[in-house]
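Read the structure below first, then the notes.
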Amino acid sequence: MGKAAPQPDLFADGAQPPPLPEGVAWYRGRLSKAEQIGLLDDAVAILQAAPLFRPRMRNGTPLINKMTNCGALGWYSDEKGYRYIAQHPETGAPWPPIPSRLSALCDAIMDELGIAGYAPDACLVNAYGAEGRLNLHQDHDEVDFRWPIVSVSLGADALFVLGGYSRKDKVLPIRLCSGDVVVLYGKGRTLFHGVKKVFPGTSPVSHPALNGLARINFTLRRAR
Ligand code: SIN
Ligand code: MN
């Protein structure tokens with residue numbers, strides 16, 4: 001499906017970025033500082049309408065990161081398991097809509113990848129504190145894996161890891177920076193991935209959305 005993924009630019013020190021698995025597109029520095037600030041403004045509005053909360057695993061253990069959502073559906077987890085829900089678990093309000101500049105970014109990238117008809121109905125907002133991280137996982141709570149995952153990084157750098165189709169597969173470490181966009185699509189859609197750590201103090205932008213937080217990640221999906 002679609003066109004070839006972009007080849008990331010050389011790193012600042014001239015080093016070659018690693019070859020990525022099929023179905024992974026990494027748009028380094030996709031967003032200008034002004035665009036990053038625009039999306040952080042949107043994050044402030046989302047957090048006001050849908051305050052951050054901490055999902056729990058089935059055994060009741062809270063996840064490390066706080067989260068919230070925008071879009072018709074939002075990812076949630078508690079003792080009943082992982083699922084998508086249409087209302088904020090604490091306020092009962094519907095999730096705020098996906099901001100138009102985030103949809104526009106997603107549309108532009110889908111055009112470039114030659115993927116038609118993608119209409120995300122869910123966007124997870126992951127809020128990383130200085131100690132934030134996300135265990136290795138697959139995104140598999142969505143109905144149709146033919147639709148991509150689009151992930152937008154804002155704030156501090158993060159050590160993202162990209163694995164294979166089994167939890168035991170070797171992982172490729174990638175340092176994601178503010179303004180980077182990663183797409184998992186086609187064969188890449190169900191790859192294991194996670195965030196090993198964030199690097200507080202490395203954000204190229206300062207913004208009220210990042211008060212008390214190191215990094216914000218938006219992940220767009222088609223849940224149903
Ligand atoms: C995710 O897998 O949900 C988020 C990844 C990231 O924060 O970069
Ligand atoms: Mn994920």
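Lettering and numbering for the structure tokens are positional, with chains as A, B, ... in the shown order, residues counted from 1 in each chain, and ligands counted from 1 in the shown order.
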Which residues, written as a list in words, have at least one atom at most 10 Å from Ile109 (chain A), with only C-alpha atoms counted and residues fewer than 3 positions away on the same chain left out?
Ala25, Tyr27, Arg30, Ser103, Ala104, Leu105, Cys106, Glu112, Leu113, Gly114, Ile115, Val150, Val181 and Val183 of chain A
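Among all protein and nucleic acid residues, the ones that lie within 7 Å of ligand 2 when counting only C-alpha atoms and all ligand atoms are A:His137, A:Gln138, A:Asp139, A:His193, A:Gly194.
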Tell me, counting only C-alpha atoms and all ligand atoms, for each residue of chain A within 8 Å of ligand 1, which pair of atoms is nearest and how far apart they are in Å to one decimal, in rows ordered by chain and increasing number, as a Markdown table.
| residue | atom | partner | partner_atom_place_in_ligand_line | distance |
| --- | --- | --- | --- | --- |
| A:Leu124 | CA | ligand 1 | 3 (O) | 6.9 |
| A:Asn126 | CA | ligand 1 | 7 (O) | 6.1 |
| A:Tyr128 | CA | ligand 1 | 7 (O) | 7.9 |
| A:Arg133 | CA | ligand 1 | 7 (O) | 8.0 |
| A:Leu134 | CA | ligand 1 | 7 (O) | 7.2 |
| A:His137 | CA | ligand 1 | 2 (O) | 7.4 |
| A:Gln138 | CA | ligand 1 | 2 (O) | 7.8 |
| A:Asp139 | CA | ligand 1 | 2 (O) | 7.2 |
| A:Ser151 | CA | ligand 1 | 8 (O) | 6.3 |
| A:Val152 | CA | ligand 1 | 8 (O) | 7.2 |
| A:Ser153 | CA | ligand 1 | 8 (O) | 6.2 |
| A:Ala158 | CA | ligand 1 | 8 (O) | 7.3 |
| A:Phe160 | CA | ligand 1 | 8 (O) | 6.3 |
| A:Leu176 | CA | ligand 1 | 8 (O) | 7.4 |
| A:His193 | CA | ligand 1 | 2 (O) | 6.4 |
| A:Gly194 | CA | ligand 1 | 2 (O) | 5.7 |
| A:Val195 | CA | ligand 1 | 6 (C) | 6.1 |
| A:Ile216 | CA | ligand 1 | 7 (O) | 7.2 |
| A:Asn217 | CA | ligand 1 | 7 (O) | 4.8 |
| A:Phe218 | CA | ligand 1 | 4 (C) | 7.3 |
| A:Thr219 | CA | ligand 1 | 3 (O) | 5.9 |
Can you pull out every residue from region 132-187 of chain A that DSSP, working from the backbone, puts in strand (DSSP E), and format the result as a PyMOL selection string?
chain A and resi 134-137+149-155+157-162+172-176+181-184
Generate the output file for the selected residues, C-alpha atoms, as a PDB file, in the first residue's frame.
ATOM      1  CA  LEU A 134       5.956   3.460  28.284  1.00  0.00           C
ATOM      2  CA  ASN A 135       6.538  -0.289  28.393  1.00  0.00           C
ATOM      3  CA  LEU A 136       7.036  -2.238  25.200  1.00  0.00           C
ATOM      4  CA  HIS A 137       3.604  -2.905  23.688  1.00  0.00           C
ATOM      5  CA  ILE A 149      -0.928   4.921  13.791  1.00  0.00           C
ATOM      6  CA  VAL A 150       0.410   8.481  13.585  1.00  0.00           C
ATOM      7  CA  SER A 151       2.493   9.691  16.515  1.00  0.00           C
ATOM      8  CA  VAL A 152       3.588  13.300  17.092  1.00  0.00           C
ATOM      9  CA  SER A 153       6.325  14.159  19.623  1.00  0.00           C
ATOM     10  CA  LEU A 154       6.427  17.473  21.513  1.00  0.00           C
ATOM     11  CA  GLY A 155       8.729  18.681  24.289  1.00  0.00           C
ATOM     12  CA  ASP A 157      13.580  14.154  23.519  1.00  0.00           C
ATOM     13  CA  ALA A 158      12.582  10.545  24.128  1.00  0.00           C
ATOM     14  CA  LEU A 159      14.342   7.240  23.674  1.00  0.00           C
ATOM     15  CA  PHE A 160      11.791   5.386  21.568  1.00  0.00           C
ATOM     16  CA  VAL A 161      12.340   1.688  20.935  1.00  0.00           C
ATOM     17  CA  LEU A 162      11.031  -0.196  17.939  1.00  0.00           C
ATOM     18  CA  LEU A 172      16.017  -0.530  17.561  1.00  0.00           C
ATOM     19  CA  PRO A 173      16.536   2.595  19.712  1.00  0.00           C
ATOM     20  CA  ILE A 174      15.519   5.900  18.120  1.00  0.00           C
ATOM     21  CA  ARG A 175      15.822   9.317  19.742  1.00  0.00           C
ATOM     22  CA  LEU A 176      12.593  11.170  18.995  1.00  0.00           C
ATOM     23  CA  VAL A 181       6.298  12.368  13.498  1.00  0.00           C
ATOM     24  CA  VAL A 182       6.364   8.560  13.328  1.00  0.00           C
ATOM     25  CA  VAL A 183       3.870   6.518  11.323  1.00  0.00           C
ATOM     26  CA  LEU A 184       3.355   2.773  11.783  1.00  0.00           C
TER      27      LEU A 184
END
Given only C-alpha atoms as the basis, pick out the residue of A:Gly92, A:Gly71, A:Pro97, A:Gly201 nearest to Arg222 (chain A).
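Closest to Arg222 (chain A), using only C-alpha atoms: A:Gly71.
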I need the residues of region 3-213 of chain A that end up classed as alpha helix (DSSP H) by DSSP on the backbone, written out as a ChimeraX atom specification.
/A:33-49,100-113
Next, write the just-selected residues to a file, as a compact mmCIF listing (two decimals), in the first residue's frame, keeping N, CA and C atoms as the atom set.
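Saved as again28.txt:
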# COMPACT_ATOMS: atom_id res chain seq x y z
N LYS A 33 9.10 25.20 14.90
CA LYS A 33 8.83 25.59 16.30
C LYS A 33 7.44 26.20 16.43
N ALA A 34 7.06 27.02 15.46
CA ALA A 34 5.73 27.65 15.51
C ALA A 34 4.63 26.58 15.47
N GLU A 35 4.85 25.57 14.65
CA GLU A 35 3.85 24.49 14.58
C GLU A 35 3.81 23.67 15.87
N GLN A 36 4.98 23.48 16.47
CA GLN A 36 5.01 22.76 17.76
C GLN A 36 4.23 23.55 18.81
N ILE A 37 4.44 24.87 18.81
CA ILE A 37 3.74 25.72 19.78
C ILE A 37 2.23 25.68 19.54
N GLY A 38 1.84 25.69 18.28
CA GLY A 38 0.41 25.60 17.96
C GLY A 38 -0.21 24.32 18.53
N LEU A 39 0.49 23.22 18.37
CA LEU A 39 -0.05 21.95 18.89
C LEU A 39 -0.01 21.91 20.42
N LEU A 40 0.97 22.60 21.00
CA LEU A 40 1.00 22.67 22.48
C LEU A 40 -0.13 23.56 22.99
N ASP A 41 -0.47 24.61 22.24
CA ASP A 41 -1.67 25.41 22.58
C ASP A 41 -2.90 24.50 22.57
N ASP A 42 -2.98 23.66 21.54
CA ASP A 42 -4.11 22.73 21.46
C ASP A 42 -4.11 21.77 22.65
N ALA A 43 -2.90 21.36 23.07
CA ALA A 43 -2.81 20.44 24.21
C ALA A 43 -3.36 21.11 25.48
N VAL A 44 -3.08 22.38 25.66
CA VAL A 44 -3.60 23.09 26.84
C VAL A 44 -5.13 23.04 26.83
N ALA A 45 -5.72 23.32 25.68
CA ALA A 45 -7.19 23.32 25.59
C ALA A 45 -7.75 21.91 25.86
N ILE A 46 -7.06 20.90 25.34
CA ILE A 46 -7.53 19.51 25.55
C ILE A 46 -7.45 19.15 27.04
N LEU A 47 -6.33 19.50 27.66
CA LEU A 47 -6.17 19.16 29.09
C LEU A 47 -7.16 19.90 29.97
N GLN A 48 -7.58 21.09 29.51
CA GLN A 48 -8.60 21.82 30.27
C GLN A 48 -9.95 21.11 30.17
N ALA A 49 -10.28 20.67 28.95
CA ALA A 49 -11.58 20.02 28.73
C ALA A 49 -11.59 18.59 29.25
N SER A 100 -7.86 20.80 14.68
CA SER A 100 -7.81 20.79 13.20
C SER A 100 -6.37 20.78 12.69
N ARG A 101 -5.42 21.41 13.42
CA ARG A 101 -4.05 21.37 12.85
C ARG A 101 -3.43 19.98 12.97
N LEU A 102 -3.92 19.18 13.92
CA LEU A 102 -3.42 17.81 14.03
C LEU A 102 -4.01 16.95 12.89
N SER A 103 -5.31 17.14 12.62
CA SER A 103 -5.92 16.42 11.49
C SER A 103 -5.26 16.82 10.18
N ALA A 104 -4.97 18.12 10.04
CA ALA A 104 -4.36 18.59 8.79
C ALA A 104 -2.97 17.97 8.60
N LEU A 105 -2.21 17.88 9.69
CA LEU A 105 -0.88 17.26 9.62
C LEU A 105 -1.01 15.79 9.20
N CYS A 106 -1.96 15.11 9.81
CA CYS A 106 -2.18 13.68 9.51
C CYS A 106 -2.59 13.52 8.04
N ASP A 107 -3.49 14.37 7.57
CA ASP A 107 -3.93 14.29 6.17
C ASP A 107 -2.75 14.49 5.22
N ALA A 108 -1.90 15.49 5.53
CA ALA A 108 -0.77 15.79 4.63
C ALA A 108 0.17 14.58 4.57
N ILE A 109 0.42 13.97 5.71
CA ILE A 109 1.34 12.83 5.72
C ILE A 109 0.72 11.63 5.00
N MET A 110 -0.57 11.41 5.19
CA MET A 110 -1.23 10.30 4.48
C MET A 110 -1.14 10.50 2.97
N ASP A 111 -1.31 11.76 2.53
CA ASP A 111 -1.16 12.08 1.10
C ASP A 111 0.22 11.67 0.62
N GLU A 112 1.22 12.04 1.39
CA GLU A 112 2.60 11.76 1.00
C GLU A 112 2.88 10.26 0.97
N LEU A 113 2.24 9.52 1.88
CA LEU A 113 2.46 8.07 1.91
C LEU A 113 1.54 7.34 0.92
Leaving out region 142-145 of chain A and any residue of its chain fewer than 4 positions from it, which residues lie within 7 Å of it when counting only C-alpha atoms, given as a PyMOL selection string?
chain A and resi 189+222-224
Take the residues that were just selected and, keeping C-alpha atoms, output them as a short mmCIF file (atom, residue, chain, number, x, y, z; two decimals), in the first residue's frame.
data_model
loop_
_atom_site.label_atom_id
_atom_site.label_comp_id
_atom_site.auth_asym_id
_atom_site.auth_seq_id
_atom_site.Cartn_x
_atom_site.Cartn_y
_atom_site.Cartn_z
CA ARG A 189 1.37 -1.33 12.14
CA ARG A 222 -8.74 4.62 13.89
CA ALA A 223 -10.26 2.67 16.78
CA ARG A 224 -13.51 1.44 15.17
#
Pick from A:Gly163, A:Gly132, A:Pro204, A:Gly179: nearest to Asn65 (chain A), with only C-alpha atoms counted?
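Using only C-alpha atoms, Asn65 (chain A) sits closest to A:Gly132.
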Contacts of Leu10 (chain A) at 12 Å or less, counting only C-alpha atoms, minus same-chain residues fewer than 4 places along, as a PyMOL selection string?
chain A and resi 14-19+27-29
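Atom pair CA of Asp141 (chain A) / CA of Lys80 (chain A) has a distance of 13.4 Å (rounded to one decimal).
Of the listed residues (A:Leu213, A:Leu73, A:Ala50, A:Met57), A:Ala50 comes nearest to Glu90 (chain A); the distances count only C-alpha atoms.
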Selected residue, from A:Arg215, A:Pro99, A:Gln87, A:Ala209, that lies nearest to Ser178 (chain A) when counting only C-alpha atoms:
A:Arg215
Select, from A:Ala86, A:Val205, A:Ala116, A:Leu63, the residue with the minimum atom-to-atom distance to Arg146 (chain A), counting only C-alpha atoms.
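Using only C-alpha atoms, the shortest distance to Arg146 (chain A) belongs to A:Ala116.
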